[in-house]
file input_34.cif (mmCIF, C-alpha atoms and all ligand atoms)
data_run
loop_
_atom_site.label_atom_id
_atom_site.label_comp_id
_atom_site.auth_asym_id
_atom_site.auth_seq_id
_atom_site.Cartn_x
_atom_site.Cartn_y
_atom_site.Cartn_z
CA MET G 1 121.48 -32.94 17.24
CA LYS G 2 120.72 -33.85 13.63
CA ILE G 3 123.75 -33.91 11.35
CA PRO G 4 123.13 -33.42 7.62
CA PHE G 5 125.44 -35.39 5.34
CA ILE G 6 126.23 -32.17 3.45
CA ASP G 7 124.84 -29.04 5.07
CA LEU G 8 123.60 -27.13 2.02
CA GLN G 9 120.91 -25.42 4.10
CA ALA G 10 123.45 -23.83 6.48
CA GLN G 11 125.36 -22.54 3.49
CA TYR G 12 122.21 -21.09 1.92
CA GLN G 13 121.27 -19.36 5.18
CA ALA G 14 124.79 -17.88 5.41
CA TYR G 15 124.58 -16.25 1.94
CA LYS G 16 120.77 -16.04 1.64
CA GLN G 17 120.42 -12.28 1.19
CA GLU G 18 122.94 -12.15 -1.63
CA ILE G 19 121.73 -15.31 -3.31
CA ASP G 20 118.07 -14.29 -3.24
CA LYS G 21 118.99 -10.90 -4.67
CA ALA G 22 121.15 -12.46 -7.39
CA ILE G 23 118.30 -14.77 -8.44
CA GLN G 24 115.81 -11.88 -8.41
CA ASN G 25 118.14 -9.83 -10.61
CA VAL G 26 118.18 -12.59 -13.21
CA LEU G 27 114.37 -12.82 -13.11
CA ASP G 28 114.16 -9.06 -13.62
CA SER G 29 116.67 -9.15 -16.48
CA SER G 30 114.73 -11.72 -18.57
CA GLN G 31 118.13 -13.10 -19.69
CA TYR G 32 117.75 -16.67 -18.50
CA ILE G 33 120.42 -18.62 -20.37
CA MET G 34 124.14 -17.67 -20.56
CA GLY G 35 124.43 -13.83 -20.64
CA PRO G 36 126.37 -11.47 -18.34
CA GLU G 37 126.13 -13.59 -15.15
CA VAL G 38 127.66 -16.57 -16.94
CA LYS G 39 130.35 -14.37 -18.50
CA LYS G 40 131.16 -12.98 -15.06
CA LEU G 41 131.34 -16.52 -13.69
CA GLU G 42 133.76 -17.60 -16.41
CA ASP G 43 136.03 -14.64 -15.65
CA GLY G 44 135.92 -15.50 -11.95
CA LEU G 45 136.63 -19.19 -12.54
CA ALA G 46 139.56 -18.41 -14.86
CA ARG G 47 141.01 -16.05 -12.25
CA TYR G 48 140.49 -18.57 -9.46
CA THR G 49 142.18 -21.48 -11.24
CA GLY G 50 144.75 -19.46 -13.18
CA SER G 51 143.54 -21.15 -16.35
CA LYS G 52 143.45 -18.95 -19.46
CA HIS G 53 139.96 -20.12 -20.42
CA ALA G 54 137.03 -21.16 -18.23
CA ILE G 55 133.94 -22.27 -20.13
CA ALA G 56 130.74 -22.70 -18.17
CA CYS G 57 128.41 -25.47 -19.28
CA SER G 58 125.39 -27.53 -18.33
CA SER G 59 127.00 -30.18 -16.08
CA GLY G 60 130.20 -31.96 -15.19
CA THR G 61 129.20 -34.81 -17.46
CA ASP G 62 128.72 -32.43 -20.37
CA ALA G 63 132.05 -30.75 -19.62
CA LEU G 64 133.75 -34.15 -20.08
CA LEU G 65 131.74 -34.84 -23.22
CA ILE G 66 132.58 -31.45 -24.73
CA ALA G 67 136.29 -31.92 -23.94
CA LEU G 68 136.32 -35.31 -25.69
CA MET G 69 134.41 -33.90 -28.67
CA ALA G 70 136.78 -30.93 -28.88
CA MET G 71 139.64 -33.44 -28.96
CA ASP G 72 137.88 -35.26 -31.79
CA ILE G 73 137.62 -38.63 -30.03
CA GLN G 74 136.31 -41.16 -32.54
CA PRO G 75 134.56 -44.54 -32.38
CA GLY G 76 137.11 -47.24 -31.53
CA ASP G 77 139.52 -44.86 -29.83
CA GLU G 78 140.70 -45.97 -26.40
CA VAL G 79 140.57 -43.76 -23.33
CA ILE G 80 142.43 -44.80 -20.20
CA THR G 81 140.81 -44.11 -16.85
CA THR G 82 139.98 -45.51 -13.41
CA PRO G 83 137.22 -48.00 -12.65
CA PHE G 84 136.71 -46.37 -9.23
CA THR G 85 134.70 -43.28 -10.14
CA PHE G 86 131.21 -42.08 -10.96
CA ILE G 87 129.78 -43.38 -14.22
CA SER G 88 129.99 -39.96 -15.92
CA THR G 89 133.73 -40.35 -16.41
CA THR G 90 133.30 -43.25 -18.84
CA GLU G 91 129.71 -42.72 -19.99
CA VAL G 92 130.85 -39.87 -22.21
CA VAL G 93 133.63 -42.01 -23.68
CA SER G 94 131.12 -44.73 -24.53
CA LEU G 95 128.58 -42.27 -25.95
CA LEU G 96 131.18 -41.28 -28.55
CA GLY G 97 131.75 -44.93 -29.45
CA ALA G 98 135.18 -44.88 -27.84
CA ILE G 99 136.32 -47.55 -25.38
CA PRO G 100 137.11 -47.00 -21.72
CA VAL G 101 140.26 -48.89 -20.72
CA PHE G 102 140.62 -49.28 -16.98
CA VAL G 103 143.70 -49.10 -14.79
CA ASP G 104 143.62 -50.05 -11.11
CA ILE G 105 143.89 -47.47 -8.32
CA GLU G 106 146.25 -46.73 -5.45
CA PRO G 107 145.00 -48.25 -2.19
CA ASP G 108 145.61 -45.11 -0.10
CA THR G 109 144.44 -42.21 -2.31
CA PHE G 110 141.92 -44.20 -4.41
CA ASN G 111 143.18 -42.36 -7.51
CA ILE G 112 144.44 -44.05 -10.68
CA ASP G 113 147.82 -45.76 -10.18
CA SER G 114 149.99 -43.86 -12.64
CA SER G 115 152.64 -46.61 -12.60
CA LYS G 116 150.15 -48.99 -14.25
CA ILE G 117 149.06 -46.71 -17.10
CA GLU G 118 151.85 -47.29 -19.59
CA GLU G 119 151.20 -51.05 -19.93
CA LYS G 120 147.65 -50.27 -21.13
CA ILE G 121 148.65 -47.94 -23.96
CA THR G 122 148.04 -49.26 -27.48
CA ALA G 123 148.05 -47.76 -30.96
CA LYS G 124 144.39 -46.86 -30.39
CA THR G 125 144.90 -44.96 -27.13
CA LYS G 126 144.00 -41.29 -27.51
CA ALA G 127 143.46 -39.90 -24.03
CA ILE G 128 143.82 -40.37 -20.30
CA ILE G 129 141.12 -39.20 -17.89
CA PRO G 130 142.51 -39.16 -14.35
CA VAL G 131 139.82 -38.54 -11.73
CA SER G 132 140.74 -36.43 -8.70
CA LEU G 133 138.62 -38.48 -6.32
CA TYR G 134 137.22 -37.30 -2.98
CA GLY G 135 138.90 -33.90 -3.44
CA GLN G 136 142.54 -34.88 -4.03
CA VAL G 137 144.26 -34.47 -7.38
CA ALA G 138 145.72 -37.60 -9.04
CA ASP G 139 149.43 -37.88 -9.99
CA MET G 140 149.14 -35.31 -12.76
CA TYR G 141 152.88 -34.81 -13.27
CA GLU G 142 153.54 -38.51 -13.93
CA ILE G 143 150.41 -38.75 -16.08
CA ASN G 144 151.35 -35.71 -18.17
CA VAL G 145 154.84 -37.16 -18.73
CA ILE G 146 153.36 -40.46 -20.01
CA ALA G 147 150.88 -38.57 -22.18
CA ALA G 148 153.63 -36.45 -23.73
CA LYS G 149 155.68 -39.58 -24.51
CA TYR G 150 152.79 -41.22 -26.41
CA ASN G 151 151.16 -38.04 -27.70
CA LEU G 152 147.97 -38.50 -25.70
CA ILE G 153 145.66 -35.86 -24.30
CA VAL G 154 144.91 -35.56 -20.60
CA ILE G 155 141.51 -34.51 -19.29
CA GLU G 156 141.33 -34.14 -15.52
CA ASP G 157 137.94 -35.09 -14.09
CA GLY G 158 138.00 -32.53 -11.31
CA ALA G 159 134.31 -32.83 -10.41
CA GLN G 160 135.26 -33.52 -6.79
CA SER G 161 138.49 -31.54 -6.54
CA PHE G 162 137.65 -27.97 -7.51
CA GLY G 163 139.72 -25.75 -5.20
CA ALA G 164 142.35 -28.41 -4.44
CA THR G 165 145.98 -27.67 -5.21
CA TYR G 166 148.76 -29.76 -6.75
CA LYS G 167 152.35 -28.52 -6.52
CA GLY G 168 150.90 -25.08 -5.84
CA LYS G 169 148.59 -25.04 -8.89
CA LYS G 170 144.83 -25.39 -8.87
CA SER G 171 142.94 -28.52 -9.91
CA CYS G 172 141.42 -28.19 -13.40
CA ASN G 173 144.46 -26.21 -14.58
CA LEU G 174 146.89 -29.13 -14.67
CA SER G 175 146.51 -30.66 -18.14
CA ASP G 176 145.09 -30.12 -21.64
CA PHE G 177 141.60 -29.92 -20.19
CA GLY G 178 140.15 -29.79 -16.70
CA CYS G 179 136.47 -30.47 -16.13
CA THR G 180 134.40 -29.81 -13.06
CA SER G 181 130.82 -30.07 -11.84
CA PHE G 182 128.63 -27.60 -9.99
CA PHE G 183 126.10 -30.25 -8.92
CA PRO G 184 124.72 -28.97 -5.57
CA SER G 185 126.74 -31.33 -3.36
CA LYS G 186 130.12 -30.71 -5.03
CA PRO G 187 132.67 -28.42 -3.36
CA LEU G 188 131.41 -25.49 -5.47
CA GLY G 189 127.76 -26.22 -6.14
CA CYS G 190 124.86 -24.38 -7.73
CA TYR G 191 121.12 -25.02 -7.26
CA GLY G 192 120.66 -27.31 -10.23
CA ASP G 193 123.02 -28.76 -12.78
CA GLY G 194 126.12 -26.94 -13.96
CA GLY G 195 129.75 -27.48 -14.83
CA ALA G 196 132.80 -25.96 -16.46
CA LEU G 197 135.80 -26.85 -18.54
CA PHE G 198 139.21 -25.25 -18.38
CA THR G 199 142.02 -25.04 -20.89
CA ASN G 200 144.98 -22.83 -21.74
CA ASN G 201 144.64 -23.58 -25.45
CA ASP G 202 142.83 -20.85 -27.45
CA ALA G 203 141.75 -23.13 -30.30
CA LEU G 204 140.36 -25.80 -27.95
CA ALA G 205 138.53 -23.15 -25.96
CA GLU G 206 136.89 -21.77 -29.06
CA LYS G 207 135.96 -25.23 -30.30
CA SER G 208 134.46 -26.11 -26.91
CA ARG G 209 132.34 -22.97 -26.92
CA MET G 210 131.12 -23.86 -30.37
CA ILE G 211 130.28 -27.46 -29.40
CA LEU G 212 128.26 -26.42 -26.35
CA ALA G 213 126.18 -24.11 -28.57
CA HIS G 214 125.05 -26.76 -31.09
CA GLY G 215 128.30 -26.59 -33.04
CA SER G 216 127.61 -23.04 -33.99
CA ARG G 217 129.49 -19.72 -33.77
CA VAL G 218 127.09 -17.80 -35.97
CA ARG G 219 123.41 -18.50 -35.37
CA TYR G 220 121.98 -21.21 -37.67
CA GLN G 221 125.45 -21.94 -39.10
CA HIS G 222 126.53 -25.33 -37.70
CA GLU G 223 130.18 -26.07 -38.40
CA VAL G 224 130.33 -29.27 -36.33
CA VAL G 225 127.76 -31.46 -34.62
CA GLY G 226 127.41 -30.16 -31.09
CA ILE G 227 125.14 -30.38 -28.07
CA ASN G 228 123.00 -28.09 -25.94
CA GLY G 229 125.53 -27.58 -23.17
CA ARG G 230 124.66 -24.07 -21.99
CA LEU G 231 124.49 -22.91 -18.37
CA ASP G 232 121.43 -21.11 -17.00
CA ALA G 233 121.88 -17.50 -15.88
CA ILE G 234 120.32 -18.26 -12.48
CA GLN G 235 122.99 -20.90 -11.82
CA GLY G 236 125.66 -18.46 -12.95
CA ALA G 237 124.34 -15.79 -10.58
CA ILE G 238 124.26 -18.23 -7.64
CA LEU G 239 127.79 -19.40 -8.39
CA ASN G 240 129.01 -15.79 -8.57
CA VAL G 241 127.86 -15.30 -4.98
CA LYS G 242 129.31 -18.61 -3.77
CA LEU G 243 132.63 -18.11 -5.58
CA LYS G 244 133.26 -14.99 -3.44
CA TYR G 245 133.31 -17.19 -0.33
CA PHE G 246 134.85 -20.26 -1.91
CA ALA G 247 138.48 -19.72 -0.87
CA GLU G 248 137.29 -19.31 2.72
CA GLU G 249 135.22 -22.51 2.42
CA VAL G 250 138.17 -24.44 1.02
CA GLN G 251 140.22 -23.33 4.03
CA LYS G 252 137.44 -24.53 6.34
CA ARG G 253 137.26 -27.85 4.51
CA GLU G 254 140.95 -28.42 5.13
CA GLU G 255 140.59 -27.56 8.82
CA ILE G 256 137.60 -29.86 9.17
CA GLY G 257 139.46 -32.66 7.38
CA THR G 258 142.38 -32.25 9.77
CA ALA G 259 140.05 -32.20 12.79
CA TYR G 260 138.34 -35.41 11.63
CA THR G 261 141.72 -37.07 11.15
CA GLU G 262 142.69 -36.19 14.73
CA LEU G 263 139.34 -37.23 16.20
CA LEU G 264 139.28 -40.56 14.37
CA ARG G 265 142.92 -41.58 14.81
CA GLY G 266 143.31 -44.89 16.65
CA LYS G 267 139.71 -45.95 16.11
CA GLY G 268 140.51 -48.74 13.69
CA LEU G 269 139.68 -46.96 10.44
CA SER G 270 141.95 -46.23 7.49
CA LEU G 271 141.91 -42.44 7.27
CA PRO G 272 142.38 -40.27 4.15
CA VAL G 273 145.96 -39.94 2.91
CA VAL G 274 146.87 -36.66 1.27
CA LYS G 275 150.20 -36.63 -0.55
CA GLN G 276 152.90 -34.06 0.35
CA ASP G 277 152.67 -31.96 -2.78
CA ARG G 278 148.88 -31.46 -2.77
CA THR G 279 145.86 -30.43 -0.74
CA SER G 280 142.42 -32.01 -0.58
CA VAL G 281 139.10 -30.17 -0.55
CA TYR G 282 137.50 -33.28 1.00
CA ALA G 283 134.53 -33.36 -1.34
CA GLN G 284 133.99 -36.54 0.67
CA PHE G 285 135.66 -37.47 3.92
CA THR G 286 136.14 -41.10 3.02
CA VAL G 287 137.46 -43.77 5.38
CA ARG G 288 137.75 -47.52 4.99
CA SER G 289 137.23 -50.57 7.17
CA GLU G 290 136.85 -54.30 6.64
CA LYS G 291 133.96 -54.09 9.09
CA ARG G 292 132.03 -51.55 7.02
CA GLU G 293 128.56 -53.08 7.32
CA GLU G 294 128.79 -53.23 11.11
CA LEU G 295 130.05 -49.64 11.35
CA LEU G 296 127.41 -48.27 8.97
CA GLU G 297 124.75 -49.94 11.09
CA ARG G 298 126.15 -48.21 14.16
CA PHE G 299 126.24 -44.79 12.49
CA ASN G 300 122.77 -45.18 11.04
CA SER G 301 121.18 -46.30 14.30
CA ASN G 302 122.70 -43.20 15.95
CA GLY G 303 121.28 -40.87 13.31
CA VAL G 304 124.59 -40.13 11.57
CA PRO G 305 124.18 -40.26 7.78
CA THR G 306 126.86 -41.98 5.71
CA ALA G 307 127.30 -42.74 2.01
CA ILE G 308 129.28 -45.14 -0.14
CA TYR G 309 131.19 -43.75 -3.12
CA TYR G 310 131.21 -46.18 -4.94
CA PRO G 311 129.83 -49.61 -4.08
CA LYS G 312 130.51 -51.16 -7.50
CA PRO G 313 133.49 -50.38 -9.74
CA LEU G 314 132.71 -49.50 -13.32
CA HIS G 315 134.32 -52.57 -14.93
CA LEU G 316 131.73 -54.74 -13.15
CA GLN G 317 128.69 -52.64 -14.14
CA GLN G 318 126.05 -54.28 -16.30
CA CYS G 319 126.35 -51.56 -18.95
CA TYR G 320 130.00 -52.59 -19.48
CA GLU G 321 129.47 -56.34 -19.71
CA SER G 322 130.44 -56.18 -23.38
CA LEU G 323 133.91 -54.88 -22.46
CA GLY G 324 134.62 -58.35 -21.08
CA TYR G 325 136.05 -57.49 -17.68
CA LYS G 326 135.56 -59.81 -14.71
CA THR G 327 135.85 -59.83 -10.94
CA GLY G 328 139.53 -59.89 -10.00
CA ASP G 329 140.70 -57.67 -12.87
CA PHE G 330 141.18 -54.63 -10.61
CA PRO G 331 141.55 -56.04 -7.11
CA ILE G 332 142.44 -52.77 -5.40
CA ALA G 333 139.37 -50.98 -6.74
CA GLU G 334 137.19 -54.00 -5.95
CA LYS G 335 138.43 -54.13 -2.36
CA ALA G 336 137.95 -50.37 -1.96
CA ALA G 337 134.36 -50.67 -3.19
CA LYS G 338 133.71 -53.15 -0.36
CA GLU G 339 135.35 -51.09 2.38
CA VAL G 340 134.95 -47.35 1.81
CA PHE G 341 132.35 -45.08 3.32
CA SER G 342 132.04 -41.35 3.74
CA LEU G 343 131.16 -39.30 6.80
CA PRO G 344 129.17 -36.04 7.00
CA MET G 345 131.26 -33.25 5.50
CA SER G 346 130.76 -29.63 4.48
CA PRO G 347 132.38 -26.31 5.39
CA PHE G 348 129.46 -25.81 7.77
CA ILE G 349 129.83 -28.90 9.93
CA THR G 350 130.66 -27.82 13.49
CA PHE G 351 133.36 -29.26 15.76
CA GLU G 352 130.55 -30.43 18.09
CA GLN G 353 129.01 -32.37 15.20
CA GLN G 354 132.38 -33.86 14.28
CA LYS G 355 132.91 -34.96 17.88
CA LEU G 356 129.50 -36.59 17.87
CA VAL G 357 130.36 -38.49 14.67
CA SER G 358 133.64 -39.76 16.12
CA SER G 359 132.06 -40.63 19.50
CA ILE G 360 130.01 -43.31 17.79
CA LEU G 361 133.11 -45.43 17.21
C1 LIG J 1 129.68 -35.59 -10.03
C2 LIG J 1 130.70 -36.19 -10.88
C3 LIG J 1 130.65 -36.08 -12.28
C4 LIG J 1 129.46 -35.55 -13.04
O1 LIG J 1 129.04 -34.27 -12.75
P1 LIG J 1 127.53 -33.85 -13.07
O2 LIG J 1 127.58 -32.36 -12.92
O3 LIG J 1 126.66 -34.50 -12.07
O4 LIG J 1 127.22 -34.25 -14.46
C5 LIG J 1 131.70 -36.59 -13.02
N1 LIG J 1 132.74 -37.20 -12.43
C6 LIG J 1 132.84 -37.31 -11.09
C7 LIG J 1 134.04 -37.96 -10.50
C8 LIG J 1 131.81 -36.83 -10.27
O5 LIG J 1 131.90 -36.97 -8.94
#
call {"tool": "encode", "arguments": {"input": "input_34.cif", "output": "structure tokens", "more": "lines below"}}
Ligand SMILES: *Cc1c(COP(=O)(O)O)cnc(C)c1O
result
Amino acid sequence: MKIPFIDLQAQYQAYKQEIDKAIQNVLDSSQYIMGPEVKKLEDGLARYTGSKHAIACSSGTDALLIALMAMDIQPGDEVITTPFTFISTTEVVSLLGAIPVFVDIEPDTFNIDSSKIEEKITAKTKAIIPVSLYGQVADMYEINVIAAKYNLIVIEDGAQSFGATYKGKKSCNLSDFGCTSFFPSKPLGCYGDGGALFTNNDALAEKSRMILAHGSRVRYQHEVVGINGRLDAIQGAILNVKLKYFAEEVQKREEIGTAYTELLRGKGLSLPVVKQDRTSVYAQFTVRSEKREELLERFNSNGVPTAIYYPKPLHLQQCYESLGYKTGDFPIAEKAAKEVFSLPMSPFITFEQQKLVSSIL
């Protein structure tokens, strides 16, 4: 039995007829960028999250960039975030000339430690970007309270948590802006690059739409400097099919996460911790062990694929040498980077496959 790390093929086969038809319809329409499929997607995403505005765009990275641009982040501004995330989270900050300021993570959820944020706030701090890692939302309530106190904006990087809930509300609808990614392997993925941003603020929504269309509301009139951040109609059409089944998939993800937890209990791994007031969509089923190398070797030699998200925290990346951080600055993130690994996970993994994964330990 071969176990894919993320079974995108099983998902495609399950919805194939509808997806093929949706793609063909776009080809027949000759409307290849934005258009009615993308509009329909935005309506569906807004309904799903409860957010007033959902704005589809070209990727999760661009969603973050557009949110920061809409908030008028300037060179020299400081943006507080976690060092234990994908580079996109801070890349966009740096591209605008702003400065990522890191805060260590919690050892059990791997999300930013909200109790350590306040000590990093300076007169230059403009925003906080909590990342909802592995499918679980960060401490948004505490973060929003801090942000309100210092008049900061909060942008949730929900690239891995779309569909997760926090105190009964959906990820991406928990702060000034929520951003997500439709990269194929994310909880809601398309067949290329795609993303979306969410806000309840009419003015920010309108500004975001303008930025993603080259800073323009009326063709060839450019009010601000923008980007090409549009979503393709084919991706919109694919997402419209997948969104119909997404709630069902999220339910399956939770069941599979619970089954893994039961199968793996007592096998010497640290298992995912999901806080009381939230749910995880298990974008990754991530465990940790001090004997990671040995365990990965065992999984690999038995044909079970694994992955490491992320082997090197951002404050130690070469591209951030100039920020002046060093090893030891964020010990919890550094330790996590040495110990975490993720097991095969998708709504289409079977219980037999999960048993096989756990039998290797
Ligand atoms: C995937 C990811 C992104 C970027 O999304 P893209 O659509 O690939 O640009 C940003 N942040 C996190 C935490 C991610 O996992």
call {"tool": "closest_residue", "arguments": {"input": "input_34.cif", "among": "G:Lys167, G:Pro313, G:Lys242, G:Glu339", "to": "G:Thr327", "atoms": "only C-alpha atoms"}}
result
G:Pro313
call {"tool": "atom_distance", "arguments": {"input": "input_34.cif", "atom1": "atom CA of G:Asp62", "atom2": "atom O5 of ligand LIG 1 (chain J)"}}
result
12.7 Å
call {"tool": "residues_near_ligand", "arguments": {"input": "input_34.cif", "ligand": "ligand LIG 1 (chain J)", "cutoff": "6 Å", "atoms": "all atoms listed in the file", "output": "list in words"}}
result
Ser59, Gly60, Thr61, Thr85, Phe86, Ser88, Thr89, Val131, Asp157, Ala159, Gln160, Ser181, Phe182, Phe183, Asp193, Gly194 and Gly195 of chain G
call {"tool": "axis_aligned_box", "arguments": {"input": "input_34.cif", "around": "stretch 97-101 of chain G", "padding_each_side": "6 Å", "output": "AutoDock Vina command-line options"}}
result
--center_x 136.0 --center_y -46.9 --center_z -25.1 --size_x 20.5 --size_y 16.0 --size_z 20.7
call {"tool": "atom_distance", "arguments": {"input": "input_34.cif", "atom1": "atom CA of G:Ser132", "atom2": "atom CA of G:Glu156"}}
result
7.2 Å
call {"tool": "closest_residue", "arguments": {"input": "input_34.cif", "among": "G:Leu133, G:Leu188, G:Leu65, G:Ala259", "to": "G:Ser280", "atoms": "all atoms listed in the file"}}
result
G:Leu133
call {"tool": "closest_residue", "arguments": {"input": "input_34.cif", "among": "G:Gly229, G:Ile238, G:Ser185, G:Ala337", "to": "G:Pro4", "atoms": "all atoms listed in the file"}}
result
G:Ser185
call {"tool": "closest_atom_pairs", "arguments": {"input": "input_34.cif", "of": "stretch 280-339 of chain G", "to": "stretch 93-117 of chain G", "cutoff": "8 Å", "atoms": "only C-alpha atoms", "output": "Markdown table"}}
result
| residue | atom | partner | partner_atom | distance |
| --- | --- | --- | --- | --- |
| G:His315 | CA | G:Phe102 | CA | 7.4 |
| G:Phe330 | CA | G:Asp104 | CA | 5.2 |
| G:Pro331 | CA | G:Asp104 | CA | 7.5 |
| G:Ile332 | CA | G:Pro107 | CA | 6.1 |
| G:Ala333 | CA | G:Ile105 | CA | 5.9 |
| G:Ala336 | CA | G:Pro107 | CA | 7.4 |
call {"tool": "residues_around", "arguments": {"input": "input_34.cif", "residues": "G:Lys2", "least_positions_apart": "6", "cutoff": "12 Å", "atoms": "all atoms listed in the file", "output": "list in words"}}
result
Asn300, Asn302, Gly303, Val304, Pro305, Pro344, Ile349, Thr350, Glu352, Gln353, Gln354, Leu356 and Val357 of chain G
call {"tool": "decode", "arguments": {"input": "input_34.cif", "residues": "stretch 32-53 of chain G", "atoms": "N, CA and C atoms", "output": "CSV table (one decimal), in the first residue's frame"}}
result
chain,number,residue,atom,x,y,z
G,32,TYR,N,-11.0,34.3,-18.9
G,32,TYR,CA,-10.0,33.5,-18.3
G,32,TYR,C,-9.5,34.1,-16.9
G,33,ILE,N,-9.7,35.4,-16.7
G,33,ILE,CA,-9.2,36.0,-15.5
G,33,ILE,C,-10.3,36.7,-14.8
G,34,MET,N,-10.4,36.5,-13.5
G,34,MET,CA,-11.5,37.1,-12.7
G,34,MET,C,-12.9,36.6,-13.3
G,35,GLY,N,-13.9,37.5,-13.5
G,35,GLY,CA,-15.1,37.2,-14.1
G,35,GLY,C,-16.1,36.5,-13.1
G,36,PRO,N,-17.2,35.9,-13.7
G,36,PRO,CA,-18.3,35.4,-12.9
G,36,PRO,C,-17.9,34.2,-11.9
G,37,GLU,N,-16.9,33.4,-12.3
G,37,GLU,CA,-16.6,32.3,-11.4
G,37,GLU,C,-15.8,32.8,-10.2
G,38,VAL,N,-15.0,33.8,-10.4
G,38,VAL,CA,-14.3,34.4,-9.2
G,38,VAL,C,-15.3,35.2,-8.3
G,39,LYS,N,-16.2,35.8,-9.0
G,39,LYS,CA,-17.3,36.5,-8.2
G,39,LYS,C,-18.1,35.5,-7.3
G,40,LYS,N,-18.4,34.4,-8.0
G,40,LYS,CA,-19.2,33.4,-7.3
G,40,LYS,C,-18.4,32.8,-6.1
G,41,LEU,N,-17.1,32.6,-6.4
G,41,LEU,CA,-16.2,32.2,-5.3
G,41,LEU,C,-16.1,33.1,-4.1
G,42,GLU,N,-16.0,34.4,-4.4
G,42,GLU,CA,-15.9,35.4,-3.3
G,42,GLU,C,-17.2,35.4,-2.5
G,43,ASP,N,-18.4,35.3,-3.2
G,43,ASP,CA,-19.6,35.2,-2.4
G,43,ASP,C,-19.6,33.9,-1.5
G,44,GLY,N,-19.2,32.8,-2.1
G,44,GLY,CA,-19.1,31.6,-1.3
G,44,GLY,C,-18.2,31.6,-0.1
G,45,LEU,N,-17.0,32.3,-0.4
G,45,LEU,CA,-16.0,32.4,0.7
G,45,LEU,C,-16.5,33.3,1.8
G,46,ALA,N,-17.2,34.4,1.4
G,46,ALA,CA,-17.7,35.3,2.4
G,46,ALA,C,-18.8,34.6,3.3
G,47,ARG,N,-19.7,33.9,2.6
G,47,ARG,CA,-20.7,33.1,3.3
G,47,ARG,C,-20.1,32.1,4.2
G,48,TYR,N,-19.1,31.4,3.8
G,48,TYR,CA,-18.5,30.3,4.6
G,48,TYR,C,-17.8,30.9,5.8
G,49,THR,N,-17.1,32.0,5.7
G,49,THR,CA,-16.4,32.5,6.9
G,49,THR,C,-17.2,33.4,7.7
G,50,GLY,N,-18.3,34.0,7.1
G,50,GLY,CA,-19.1,35.0,7.8
G,50,GLY,C,-18.5,36.4,7.7
G,51,SER,N,-17.4,36.5,6.9
G,51,SER,CA,-16.8,37.8,6.7
G,51,SER,C,-17.6,38.6,5.7
G,52,LYS,N,-17.7,39.9,6.0
G,52,LYS,CA,-18.4,40.7,5.0
G,52,LYS,C,-17.8,40.7,3.6
G,53,HIS,N,-16.5,40.8,3.6
G,53,HIS,CA,-15.9,40.8,2.3
G,53,HIS,C,-14.9,39.7,2.1
